[in-house]
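Peer 1: Pasting structure-v3.cif below, which is mmCIF, C-alpha atoms.
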```cif
data_protein
#
loop_
_atom_site.label_atom_id
_atom_site.label_comp_id
_atom_site.auth_asym_id
_atom_site.auth_seq_id
_atom_site.Cartn_x
_atom_site.Cartn_y
_atom_site.Cartn_z
CA MET A 130 0.46 0.33 11.35
CA GLY A 131 -0.97 -2.24 13.83
CA ALA A 132 -4.59 -1.64 12.86
CA MET A 133 -3.65 -1.76 9.19
CA PHE A 134 -1.77 -5.02 9.81
CA GLU A 135 -4.91 -6.53 11.38
CA LYS A 136 -7.15 -5.26 8.61
CA ASP A 137 -4.79 -6.58 5.95
CA ASN A 138 -4.64 -9.95 7.72
CA GLN A 139 -8.44 -10.24 7.58
CA LEU A 140 -8.36 -9.39 3.89
CA VAL A 141 -5.58 -11.90 3.29
CA GLU A 142 -7.72 -14.66 4.82
CA ARG A 143 -10.57 -13.76 2.47
CA VAL A 144 -8.23 -13.69 -0.51
CA ARG A 145 -6.96 -17.15 0.41
CA ALA A 146 -10.58 -18.31 0.16
CA GLY A 147 -10.68 -16.92 -3.38
CA ASP A 148 -12.27 -13.52 -2.76
CA VAL A 149 -11.17 -11.21 -5.59
CA ASP A 150 -12.92 -8.20 -4.02
CA ALA A 151 -10.80 -8.59 -0.88
CA PHE A 152 -7.73 -8.65 -3.10
CA GLY A 153 -9.02 -5.41 -4.64
CA GLU A 154 -9.05 -3.85 -1.17
CA LEU A 155 -5.46 -4.96 -0.57
CA TYR A 156 -4.61 -3.45 -3.94
CA GLN A 157 -6.15 -0.16 -2.84
CA HIS A 158 -4.06 -0.16 0.35
CA THR A 159 -0.77 -0.82 -1.42
CA HIS A 160 -0.79 0.12 -5.08
CA ARG A 161 0.47 3.71 -4.75
CA ARG A 162 3.55 2.63 -2.81
CA ILE A 163 4.31 -0.27 -5.09
CA HIS A 164 3.79 1.86 -8.17
CA GLN A 165 6.14 4.54 -6.81
CA TYR A 166 8.83 1.96 -6.27
CA ILE A 167 8.45 0.29 -9.65
CA ARG A 168 8.17 3.59 -11.50
CA GLN A 169 11.52 4.72 -10.10
CA MET A 170 13.16 1.44 -11.05
CA VAL A 171 12.08 1.14 -14.70
CA PRO A 172 12.38 3.70 -17.48
CA THR A 173 8.84 3.99 -18.85
CA THR A 174 5.27 4.16 -17.55
CA GLY A 175 4.39 1.23 -19.82
CA ASP A 176 7.06 -0.95 -18.20
CA ALA A 177 5.79 0.12 -14.80
CA GLU A 178 2.21 -0.89 -15.68
CA ASP A 179 3.32 -4.30 -16.95
CA LEU A 180 5.33 -4.89 -13.80
CA MET A 181 2.46 -3.76 -11.57
CA GLN A 182 0.26 -6.41 -13.16
CA GLU A 183 2.97 -9.02 -12.77
CA VAL A 184 3.52 -8.15 -9.10
CA TYR A 185 -0.16 -8.41 -8.16
CA LEU A 186 -0.66 -11.59 -10.15
CA ARG A 187 2.34 -13.13 -8.39
CA ALA A 188 0.89 -11.99 -5.05
CA TRP A 189 -2.52 -13.51 -5.87
CA SER A 190 -0.97 -16.85 -6.81
CA GLY A 191 1.57 -16.97 -4.00
CA LEU A 192 -0.43 -15.71 -1.04
CA LYS A 193 -0.23 -19.04 0.76
CA GLN A 194 3.51 -18.40 1.20
CA LEU A 195 2.87 -15.29 3.29
CA GLN A 196 3.79 -15.98 6.93
CA ALA A 197 1.24 -15.10 9.62
CA ASN A 198 3.58 -12.66 11.37
CA GLU A 199 4.57 -10.83 8.20
CA ALA A 200 2.87 -7.66 6.98
CA PHE A 201 1.26 -8.11 3.58
CA TRP A 202 2.73 -4.97 2.08
CA VAL A 203 6.29 -5.80 3.21
CA TRP A 204 5.93 -9.21 1.57
CA LEU A 205 4.40 -7.57 -1.50
CA HIS A 206 7.27 -5.12 -1.68
CA ARG A 207 9.72 -8.02 -1.82
CA ILE A 208 7.74 -9.46 -4.70
CA ALA A 209 7.98 -6.07 -6.44
CA ARG A 210 11.74 -5.97 -5.88
CA ASN A 211 12.19 -9.47 -7.28
CA ALA A 212 9.93 -8.65 -10.21
CA VAL A 213 12.13 -5.65 -11.04
CA LEU A 214 15.26 -7.83 -10.86
CA ASP A 215 13.66 -10.47 -13.09
CA TRP A 216 12.53 -7.78 -15.50
CA ARG A 217 16.11 -6.52 -15.74
CA LYS A 218 17.38 -9.99 -16.52
CA ARG A 219 14.76 -10.37 -19.23
CA LYS A 220 15.43 -6.99 -20.75
CA GLN A 221 19.16 -7.11 -20.11
CA VAL A 222 19.09 -3.44 -19.30
CA SER A 223 22.62 -2.10 -19.23
CA THR A 224 22.45 -0.21 -15.98
CA VAL A 225 24.08 -0.73 -12.63
CA SER A 226 22.44 -3.77 -11.05
CA LEU A 227 20.63 -3.70 -7.71
CA GLU A 228 22.97 -6.44 -6.57
CA SER A 229 26.03 -4.74 -8.02
CA THR A 230 29.31 -4.28 -6.23
CA PHE A 231 28.56 -0.63 -5.61
CA THR A 232 29.71 -0.07 -2.05
CA ASP A 233 27.85 2.05 0.45
CA ASP A 234 30.79 4.34 1.05
CA GLU A 235 31.72 4.80 -2.59
CA ASP A 236 31.98 8.46 -3.33
CA GLY A 237 32.41 8.90 -7.06
CA GLU A 238 32.24 12.17 -8.89
CA THR A 239 28.83 12.96 -10.33
CA GLU A 240 27.74 15.11 -13.18
CA PRO A 241 25.45 17.97 -12.26
CA VAL A 242 21.86 17.61 -13.41
CA GLU A 243 20.91 19.72 -16.39
CA VAL A 244 18.09 21.95 -15.34
CA ALA A 245 15.64 23.29 -17.88
CA ASP A 246 15.11 27.01 -18.18
CA TRP A 247 12.64 27.64 -15.39
CA SER A 248 12.76 31.41 -15.31
CA GLU A 249 9.06 31.45 -16.26
CA ASN A 250 8.09 28.76 -13.74
CA PRO A 251 7.74 28.79 -9.98
CA GLU A 252 11.00 27.86 -8.33
CA GLN A 253 9.51 24.99 -6.37
CA ILE A 254 8.21 23.23 -9.48
CA ALA A 255 11.56 23.50 -11.20
CA LEU A 256 13.37 22.28 -8.12
CA SER A 257 10.98 19.35 -7.73
CA GLU A 258 11.44 18.35 -11.39
CA ALA A 259 15.20 18.64 -11.14
CA MET A 260 15.09 16.56 -7.99
CA GLN A 261 13.11 13.77 -9.65
CA GLU A 262 15.57 13.66 -12.50
CA ALA A 263 18.46 13.59 -10.04
CA VAL A 264 16.83 10.73 -8.10
CA ARG A 265 16.47 8.69 -11.30
CA SER A 266 20.19 9.06 -11.92
CA LEU A 267 21.20 7.71 -8.49
CA PRO A 268 22.81 4.28 -8.21
CA GLU A 269 19.95 1.82 -7.82
CA ASN A 270 20.62 0.73 -4.27
CA HIS A 271 20.51 4.38 -3.24
CA ARG A 272 17.54 5.14 -5.47
CA GLU A 273 15.40 2.41 -3.96
CA VAL A 274 16.12 3.63 -0.43
CA VAL A 275 15.27 7.21 -1.41
CA THR A 276 12.10 6.03 -3.14
CA MET A 277 10.92 3.96 -0.20
CA TYR A 278 11.77 6.55 2.43
CA TYR A 279 10.57 9.69 0.68
CA LEU A 280 8.09 8.73 -2.03
CA GLU A 281 6.53 5.74 -0.29
CA ASP A 282 6.76 7.37 3.13
CA MET A 283 8.20 4.24 4.74
CA GLY A 284 10.10 4.29 8.03
CA ILE A 285 13.76 3.27 8.26
CA SER A 286 12.83 -0.03 9.97
CA GLU A 287 10.32 -0.84 7.24
CA VAL A 288 12.83 -0.16 4.49
CA ALA A 289 15.36 -2.37 6.30
CA LYS A 290 12.77 -5.18 6.52
CA VAL A 291 11.97 -5.05 2.82
CA LEU A 292 15.63 -4.95 1.79
CA GLY A 293 16.75 -7.44 4.43
CA VAL A 294 19.59 -5.21 5.64
CA PRO A 295 20.43 -3.56 9.00
CA LYS A 296 18.89 -0.16 9.76
CA ASN A 297 22.31 1.50 9.76
CA THR A 298 22.87 0.32 6.20
CA VAL A 299 19.64 2.03 5.19
CA LEU A 300 20.69 5.24 6.98
CA SER A 301 24.12 5.10 5.38
CA ARG A 302 22.63 4.73 1.88
CA LEU A 303 20.26 7.57 2.65
CA ALA A 304 23.14 9.80 3.74
CA ARG A 305 25.19 8.99 0.62
CA ALA A 306 22.14 9.63 -1.56
CA ARG A 307 21.58 13.02 0.07
CA GLU A 308 25.22 13.94 -0.54
CA THR A 309 24.95 12.92 -4.18
CA LEU A 310 21.70 14.82 -4.68
CA ARG A 311 23.14 17.88 -3.02
CA ARG A 312 26.10 17.79 -5.44
CA LYS A 313 23.88 17.20 -8.46
CA LEU A 314 21.48 19.99 -7.63
CA GLY A 315 24.30 22.40 -6.80
CA TYR A 316 23.20 25.99 -6.40
CA LEU A 317 19.50 25.04 -6.47
CA VAL A 318 19.71 23.85 -2.89
CA ASP A 319 22.35 26.27 -1.65
CA ALA A 320 21.31 27.92 1.59
CA LYS A 321 20.02 31.44 1.09
CA MET B 510 38.45 19.26 13.27
CA GLU B 511 38.82 21.01 9.93
CA CYS B 512 35.94 21.95 7.63
CA THR B 513 36.70 19.17 5.12
CA GLN B 514 36.45 16.53 7.86
CA ILE B 515 33.25 18.05 9.22
CA LYS B 516 31.66 18.35 5.78
CA ALA B 517 32.39 14.68 5.14
CA LYS B 518 30.35 13.84 8.23
CA LEU B 519 27.42 16.20 7.67
CA ALA B 520 25.24 13.76 5.72
CA ASP B 521 25.73 11.07 8.38
CA TYR B 522 24.99 13.69 11.02
CA SER B 523 21.81 14.74 9.21
CA VAL B 524 20.38 11.19 9.23
CA GLY B 525 21.42 10.47 12.82
CA LEU B 526 24.20 7.99 12.09
CA LEU B 527 26.90 9.56 14.25
CA GLY B 528 27.60 8.61 17.84
CA GLU B 529 27.18 11.01 20.73
CA ARG B 530 30.83 12.10 20.79
CA GLU B 531 30.96 12.85 17.05
CA ASN B 532 27.63 14.63 17.21
CA LYS B 533 28.99 17.02 19.84
CA MET B 534 32.13 17.71 17.81
CA VAL B 535 30.10 18.47 14.69
CA GLU B 536 27.70 20.70 16.60
CA ALA B 537 30.56 22.62 18.23
CA HIS B 538 32.10 23.21 14.81
CA LEU B 539 28.79 24.23 13.21
CA ALA B 540 28.23 26.83 15.91
CA GLN B 541 31.33 28.74 14.83
CA CYS B 542 31.59 27.90 11.07
CA PRO B 543 29.09 29.62 8.73
CA SER B 544 30.35 27.68 5.69
CA CYS B 545 29.71 24.23 7.24
CA ALA B 546 26.40 25.45 8.69
CA ALA B 547 25.34 26.54 5.18
CA GLU B 548 26.33 23.12 3.83
CA LEU B 549 24.17 21.41 6.45
CA ARG B 550 21.24 23.66 5.50
CA ALA B 551 21.71 22.65 1.84
CA LEU B 552 21.52 18.97 2.83
CA GLU B 553 18.41 19.69 4.87
CA ARG B 554 16.90 21.43 1.86
CA VAL B 555 17.48 18.29 -0.19
CA ASP B 556 15.51 16.45 2.50
CA ARG B 557 12.64 18.97 2.38
CA VAL B 558 12.43 18.99 -1.42
CA LEU B 559 12.37 15.18 -1.51
CA LYS B 560 9.56 15.14 1.02
CA ALA B 561 7.58 17.59 -1.14
CA VAL B 562 7.92 15.62 -4.39
CA GLU B 563 4.45 14.64 -5.64
CA PRO B 564 4.24 10.90 -6.27
CA GLU B 565 3.13 9.80 -9.73
CA GLU B 566 -0.41 8.34 -9.63
CA PRO B 567 -0.81 4.85 -11.04
CA PRO B 568 -3.35 4.63 -13.89
CA ALA B 569 -6.93 4.09 -12.74
CA HIS B 570 -7.58 1.21 -15.13
CA LEU B 571 -4.80 -0.91 -13.69
CA TRP B 572 -6.92 -2.77 -11.14
CA HIS B 573 -9.49 -3.71 -13.77
CA SER B 574 -6.74 -5.23 -15.91
CA ILE B 575 -5.33 -7.16 -12.96
CA ARG B 576 -8.78 -8.38 -11.92
CA ALA B 577 -9.61 -9.47 -15.46
CA ARG B 578 -6.40 -11.50 -15.66
CA ILE B 579 -7.02 -13.11 -12.26
CA GLU B 580 -10.54 -14.10 -13.25
CA ALA B 581 -9.36 -15.40 -16.60
CA GLU B 582 -6.50 -17.42 -15.14
CA HIS B 583 -8.18 -18.66 -11.96
CA PRO B 584 -11.91 -19.02 -12.72
CA ARG B 585 -12.37 -21.81 -10.17
CA LEU B 586 -11.49 -19.42 -7.38
CA GLN B 587 -14.45 -17.18 -8.02
CA ILE B 588 -17.07 -17.58 -5.29
CA PRO B 589 -20.80 -16.83 -5.47
CA PHE B 590 -22.07 -13.38 -4.65
CA TRP B 591 -24.12 -14.47 -1.64
CA GLN B 592 -21.11 -16.24 -0.06
CA ARG B 593 -18.96 -13.14 -0.46
CA TRP B 594 -21.77 -11.08 1.05
CA PHE B 595 -21.92 -13.27 4.12
CA SER B 596 -18.15 -13.55 4.39
CA VAL B 597 -18.11 -9.97 5.69
CA PRO B 598 -18.59 -10.39 9.46
CA ARG B 599 -20.49 -7.13 9.93
CA LEU B 600 -22.98 -7.93 7.18
CA ALA B 601 -23.51 -11.45 8.50
CA LEU B 602 -24.08 -10.10 11.99
CA GLY B 603 -26.51 -7.49 10.63
CA GLY B 604 -28.41 -10.21 8.78
CA ALA B 605 -28.65 -12.33 11.91
CA VAL B 606 -29.92 -9.40 13.98
CA ALA B 607 -32.51 -8.49 11.33
CA ALA B 608 -33.73 -12.10 11.22
CA ALA B 609 -34.01 -12.23 15.02
CA VAL B 610 -36.04 -9.00 15.06
CA LEU B 611 -38.40 -10.35 12.39
CA VAL B 612 -38.94 -13.56 14.34
CA ALA B 613 -39.62 -11.61 17.54
CA ILE B 614 -42.19 -9.39 15.78
CA ALA B 615 -43.91 -12.40 14.29
CA TYR B 616 -44.06 -14.21 17.61
CA TYR B 617 -45.39 -11.13 19.41
CA SER B 618 -48.07 -10.37 16.82
CA VAL B 619 -49.33 -13.97 16.85
CA LEU B 620 -49.66 -14.11 20.64
CA ARG B 621 -51.47 -10.77 20.82
CA SER B 622 -54.23 -11.65 18.40
CA PRO B 623 -57.44 -13.33 19.73
CA GLU B 624 -57.20 -16.01 17.08
CA GLY B 625 -53.50 -16.39 17.74
CA GLU B 626 -53.62 -19.94 19.01
CA ALA B 627 -55.93 -21.09 16.23
CA SER B 628 -53.98 -19.50 13.43
CA LEU B 629 -50.59 -20.46 14.84
CA HIS B 630 -50.64 -23.94 13.39
CA GLU B 631 -51.96 -22.73 10.08
CA ASN B 632 -49.25 -20.09 9.81
CA ALA B 633 -46.52 -22.49 10.85
CA GLU B 634 -47.62 -24.96 8.20
CA GLN B 635 -47.72 -22.20 5.64
CA LEU B 636 -44.23 -21.08 6.62
CA MET B 637 -42.81 -24.59 6.45
CA HIS B 638 -44.39 -25.16 3.06
CA THR B 639 -43.11 -21.87 1.67
CA HIS B 640 -39.70 -22.53 3.18
CA GLN B 641 -39.44 -25.89 1.47
CA MET B 642 -40.51 -24.47 -1.85
CA MET B 643 -38.20 -21.48 -1.78
CA SER B 644 -35.11 -22.91 -0.12
CA TRP B 645 -34.30 -24.76 -3.31
CA GLY B 646 -33.42 -21.55 -5.04
CA ASP B 647 -32.28 -19.03 -2.49
CA PRO B 648 -30.70 -19.28 0.97
CA LEU B 649 -32.40 -16.03 1.98
CA SER B 650 -35.83 -17.46 1.34
CA ASP B 651 -36.54 -18.10 5.04
CA LYS B 652 -36.65 -14.41 5.67
CA ALA B 653 -38.63 -13.77 2.51
CA ALA B 654 -41.15 -16.46 3.45
CA LEU B 655 -41.56 -15.03 6.90
CA GLY B 656 -42.13 -11.60 5.39
CA VAL B 657 -44.79 -12.98 3.03
CA MET B 658 -46.54 -14.73 5.89
CA LEU B 659 -46.59 -11.64 8.08
CA ALA B 660 -47.84 -9.45 5.25
CA SER B 661 -50.72 -11.80 4.42
CA ARG B 662 -51.60 -12.15 8.07
CA ALA B 663 -51.67 -8.39 8.61
CA GLN B 664 -53.95 -8.03 5.59
CA THR B 665 -56.49 -10.58 6.82
CA GLN B 666 -56.58 -8.96 10.26
CA GLU B 667 -57.22 -5.48 8.85
CA VAL B 668 -60.04 -6.49 6.52
CA PRO B 669 -63.20 -7.47 8.54
#
```
Can I see the file as structure tokens?

Peer 2:
Amino acid sequence: MGAMFEKDNQLVERVRAGDVDAFGELYQHTHRRIHQYIRQMVPTTGDAEDLMQEVYLRAWSGLKQLQANEAFWVWLHRIARNAVLDWRKRKQVSTVSLESTFTDDEDGETEPVEVADWSENPEQIALSEAMQEAVRSLPENHREVVTMYYLEDMGISEVAKVLGVPKNTVLSRLARARETLRRKLGYLVDAK
Amino acid sequence: MECTQIKAKLADYSVGLLGERENKMVEAHLAQCPSCAAELRALERVDRVLKAVEPEEPPAHLWHSIRARIEAEHPRLQIPFWQRWFSVPRLALGGAVAAAVLVAIAYYSVLRSPEGEASLHENAEQLMHTHQMMSWGDPLSDKAALGVMLASRAQTQEVP
């Protein structure tokens, strides 16, 4: 991560001088992660594309606010998180808010995920699809931790930095999310 | 501890949240309880399946849309091609090295020729003149002018 941090810093300096190509390189380094995050947080691919544009335009305009000791992609991830929150306010989506009162040790009952008939398909594909559906139905503060840790391949410390919470909070959310997913997927993940 | 208490701790155990004492209690129970051990394996399978989920690729056209909007909204921030080219340290260094090599070759070839001294002034004047003419349009013209001078010089030396 150190070499990437240095490389990104050099690119950031060029972007601050107005170099759009350098910004394109930063986009290449980060867009898959950011897209994963946004895609899990909004319902459609179209919404995700709009938000991706908004996030990178905000980053382009606000790059002078990036502190020297802060990694570009962590800063960018915060922009993405705020953009999702703003998007929710605009759309007034009636889902559980990221800043809701959902507590980390809440343990509500969950409905099992409906799994399509996959008798003709390989088991792994069916399980993967069921898993993605189950992840989308998680409470949002659990979903974003699962997305960052598994789909964006971020470490626990990195997730904690982006969310601005202690590492144990991240681990706790991860544990609760695993419990929920295990319940939702039921027999599909039973040990054989 | 009973199974219900252990099962309630398994997810925390699986992410490494428990302290040393609780870890040992859970492990002791797992060693003699197939049901709790199976539950832990199910949680671990959740972990493996999540790690294997293929991320959705963002559309390829997205960067072009973002770039177009940046260039439309911030046209003053666009910088000329040649400045961008030289803003890359490796390219700038390569350019400097190439220029130094060209100068060295020119200097060496002038000194080696019998008419070197005589033609030195003429060539220098020619270079200065060409430099002045070309530098109006292109910052790379020094190198181009030097190349033109060397080429014409080589031609006159080859033809008796």

Peer 1: On this structure, the PyMOL selection byres ((chain A and resi 151) around 10) would catch which residues? List them as a list in words, sorted by chain and number.

Peer 2: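 Listing what the PyMOL selection byres ((chain A and resi 151) around 10) selects in the shown file: Asp137, Gln139, Leu140, Val141, Glu142, Arg143, Val144, Arg145, Ala146, Gly147, Asp148, Val149, Asp150, Phe152, Gly153, Glu154, Leu155, Tyr156 and Gln157 of chain A; Arg593 and Val597 of chain B.
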
Peer 1: Name the residues captured by the PyMOL selection byres ((chain B) within 7 of (chain A)) when it is applied to the shown file; answer as a ChimeraX atom specification.

Peer 2: /B:520-521,524,526,547,550-552,554-555,558-560,562,564-567,575,579,586-588

Peer 1: Name all residues at most 12 Å from B:His538 (count only C-alpha atoms; drop same-chain ones fewer than 4 positions away) and give them as a PyMOL selection string.

Peer 2: chain B and resi 510-516+518-519+531-534+542-546+549

Peer 1: Just the residues within 10 Å of A:Ala212, please, counting all atoms listed in the file, with nothing from its chain fewer than 5 positions along; format it as a PyMOL selection string.

Peer 2: chain A and resi 167+180-181+183-184+187+206-207+217-218

Peer 1: Hey, can you check how far atom CA of B:Asp556 sits from atom CA of A:Lys290?

Peer 2: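 Going from atom CA of B:Asp556 over to atom CA of A:Lys290, I get 22.2 Å.
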
Peer 1: Quick check, in Å to one decimal: how far apart do atom CA of A:Leu214 and atom CA of B:Glu580 lie?

Peer 2: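 Taking atom CA of A:Leu214 and atom CA of B:Glu580, their separation equals 26.7 Å.
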
Peer 1: In Å, rounded to a single decimal, give me how far atom CA of A:Val299 is from atom CA of A:Ser286.

Peer 2: 8.6 Å

Peer 1: Could you write stretch 143-174 of chain A as an mmCIF file, keeping the file's coordinate frame, with N, CA and C atoms rebuilt where they are missing?

Peer 2:
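Everything below was put into out.cif:
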```cif
data_model
loop_
_atom_site.group_PDB
_atom_site.id
_atom_site.type_symbol
_atom_site.label_atom_id
_atom_site.label_comp_id
_atom_site.auth_asym_id
_atom_site.auth_seq_id
_atom_site.Cartn_x
_atom_site.Cartn_y
_atom_site.Cartn_z
ATOM 1 N N ARG A 143 -9.509 -13.697 3.492
ATOM 2 C CA ARG A 143 -10.570 -13.760 2.470
ATOM 3 C C ARG A 143 -10.005 -14.042 1.089
ATOM 4 N N VAL A 144 -8.840 -13.453 0.805
ATOM 5 C CA VAL A 144 -8.230 -13.690 -0.510
ATOM 6 C C VAL A 144 -7.843 -15.167 -0.636
ATOM 7 N N ARG A 145 -7.345 -15.733 0.454
ATOM 8 C CA ARG A 145 -6.960 -17.150 0.410
ATOM 9 C C ARG A 145 -8.160 -18.043 0.117
ATOM 10 N N ALA A 146 -9.363 -17.563 0.478
ATOM 11 C CA ALA A 146 -10.580 -18.310 0.160
ATOM 12 C C ALA A 146 -11.075 -18.022 -1.253
ATOM 13 N N GLY A 147 -10.333 -17.177 -1.979
ATOM 14 C CA GLY A 147 -10.680 -16.920 -3.380
ATOM 15 C C GLY A 147 -11.464 -15.645 -3.621
ATOM 16 N N ASP A 148 -11.464 -14.733 -2.644
ATOM 17 C CA ASP A 148 -12.270 -13.520 -2.760
ATOM 18 C C ASP A 148 -11.494 -12.422 -3.511
ATOM 19 N N VAL A 149 -11.874 -12.194 -4.757
ATOM 20 C CA VAL A 149 -11.170 -11.210 -5.590
ATOM 21 C C VAL A 149 -11.419 -9.785 -5.089
ATOM 22 N N ASP A 150 -12.630 -9.541 -4.539
ATOM 23 C CA ASP A 150 -12.920 -8.200 -4.020
ATOM 24 C C ASP A 150 -11.996 -7.841 -2.853
ATOM 25 N N ALA A 151 -11.727 -8.824 -2.004
ATOM 26 C CA ALA A 151 -10.800 -8.590 -0.880
ATOM 27 C C ALA A 151 -9.409 -8.264 -1.410
ATOM 28 N N PHE A 152 -9.027 -8.937 -2.488
ATOM 29 C CA PHE A 152 -7.730 -8.650 -3.100
ATOM 30 C C PHE A 152 -7.720 -7.217 -3.658
ATOM 31 N N GLY A 153 -8.888 -6.793 -4.163
ATOM 32 C CA GLY A 153 -9.020 -5.410 -4.640
ATOM 33 C C GLY A 153 -8.793 -4.409 -3.515
ATOM 34 N N GLU A 154 -9.270 -4.746 -2.316
ATOM 35 C CA GLU A 154 -9.050 -3.850 -1.170
ATOM 36 C C GLU A 154 -7.563 -3.797 -0.802
ATOM 37 N N LEU A 155 -6.912 -4.949 -0.838
ATOM 38 C CA LEU A 155 -5.460 -4.960 -0.570
ATOM 39 C C LEU A 155 -4.727 -4.144 -1.622
ATOM 40 N N TYR A 156 -5.205 -4.238 -2.860
ATOM 41 C CA TYR A 156 -4.610 -3.450 -3.940
ATOM 42 C C TYR A 156 -4.738 -1.948 -3.619
ATOM 43 N N GLN A 157 -5.938 -1.570 -3.165
ATOM 44 C CA GLN A 157 -6.150 -0.160 -2.840
ATOM 45 C C GLN A 157 -5.214 0.323 -1.737
ATOM 46 N N HIS A 158 -4.939 -0.549 -0.767
ATOM 47 C CA HIS A 158 -4.060 -0.160 0.350
ATOM 48 C C HIS A 158 -2.602 -0.012 -0.089
ATOM 49 N N THR A 159 -2.211 -0.691 -1.148
ATOM 50 C CA THR A 159 -0.770 -0.820 -1.420
ATOM 51 C C THR A 159 -0.317 -0.274 -2.773
ATOM 52 N N HIS A 160 -1.248 -0.068 -3.700
ATOM 53 C CA HIS A 160 -0.790 0.120 -5.080
ATOM 54 C C HIS A 160 0.006 1.408 -5.310
ATOM 55 N N ARG A 161 -0.283 2.464 -4.528
ATOM 56 C CA ARG A 161 0.470 3.710 -4.750
ATOM 57 C C ARG A 161 1.943 3.520 -4.393
ATOM 58 N N ARG A 162 2.172 2.887 -3.237
ATOM 59 C CA ARG A 162 3.550 2.630 -2.810
ATOM 60 C C ARG A 162 4.287 1.753 -3.827
ATOM 61 N N ILE A 163 3.648 0.668 -4.186
ATOM 62 C CA ILE A 163 4.310 -0.270 -5.090
ATOM 63 C C ILE A 163 4.582 0.392 -6.439
ATOM 64 N N HIS A 164 3.606 1.175 -6.890
ATOM 65 C CA HIS A 164 3.790 1.860 -8.170
ATOM 66 C C HIS A 164 4.944 2.863 -8.081
ATOM 67 N N GLN A 165 5.035 3.594 -6.984
ATOM 68 C CA GLN A 165 6.140 4.540 -6.810
ATOM 69 C C GLN A 165 7.476 3.829 -6.953
ATOM 70 N N TYR A 166 7.571 2.710 -6.258
ATOM 71 C CA TYR A 166 8.830 1.960 -6.270
ATOM 72 C C TYR A 166 9.165 1.497 -7.691
ATOM 73 N N ILE A 167 8.190 0.841 -8.313
ATOM 74 C CA ILE A 167 8.450 0.290 -9.650
ATOM 75 C C ILE A 167 8.756 1.402 -10.648
ATOM 76 N N ARG A 168 7.988 2.496 -10.541
ATOM 77 C CA ARG A 168 8.170 3.590 -11.500
ATOM 78 C C ARG A 168 9.583 4.170 -11.442
ATOM 79 N N GLN A 169 10.154 4.193 -10.238
ATOM 80 C CA GLN A 169 11.520 4.720 -10.100
ATOM 81 C C GLN A 169 12.568 3.728 -10.613
ATOM 82 N N MET A 170 12.177 2.463 -10.711
ATOM 83 C CA MET A 170 13.160 1.440 -11.050
ATOM 84 C C MET A 170 13.167 1.080 -12.541
ATOM 85 N N VAL A 171 12.120 1.452 -13.262
ATOM 86 C CA VAL A 171 12.080 1.140 -14.700
ATOM 87 C C VAL A 171 11.885 2.427 -15.491
ATOM 88 N N PRO A 172 12.325 2.422 -16.759
ATOM 89 C CA PRO A 172 12.380 3.700 -17.480
ATOM 90 C C PRO A 172 11.049 4.264 -17.961
ATOM 91 N N THR A 173 10.053 3.428 -18.249
ATOM 92 C CA THR A 173 8.840 3.990 -18.850
ATOM 93 C C THR A 173 7.596 3.639 -18.034
ATOM 94 N N THR A 174 6.534 4.426 -18.263
ATOM 95 C CA THR A 174 5.270 4.160 -17.550
ATOM 96 C C THR A 174 4.671 2.823 -18.022
#
```
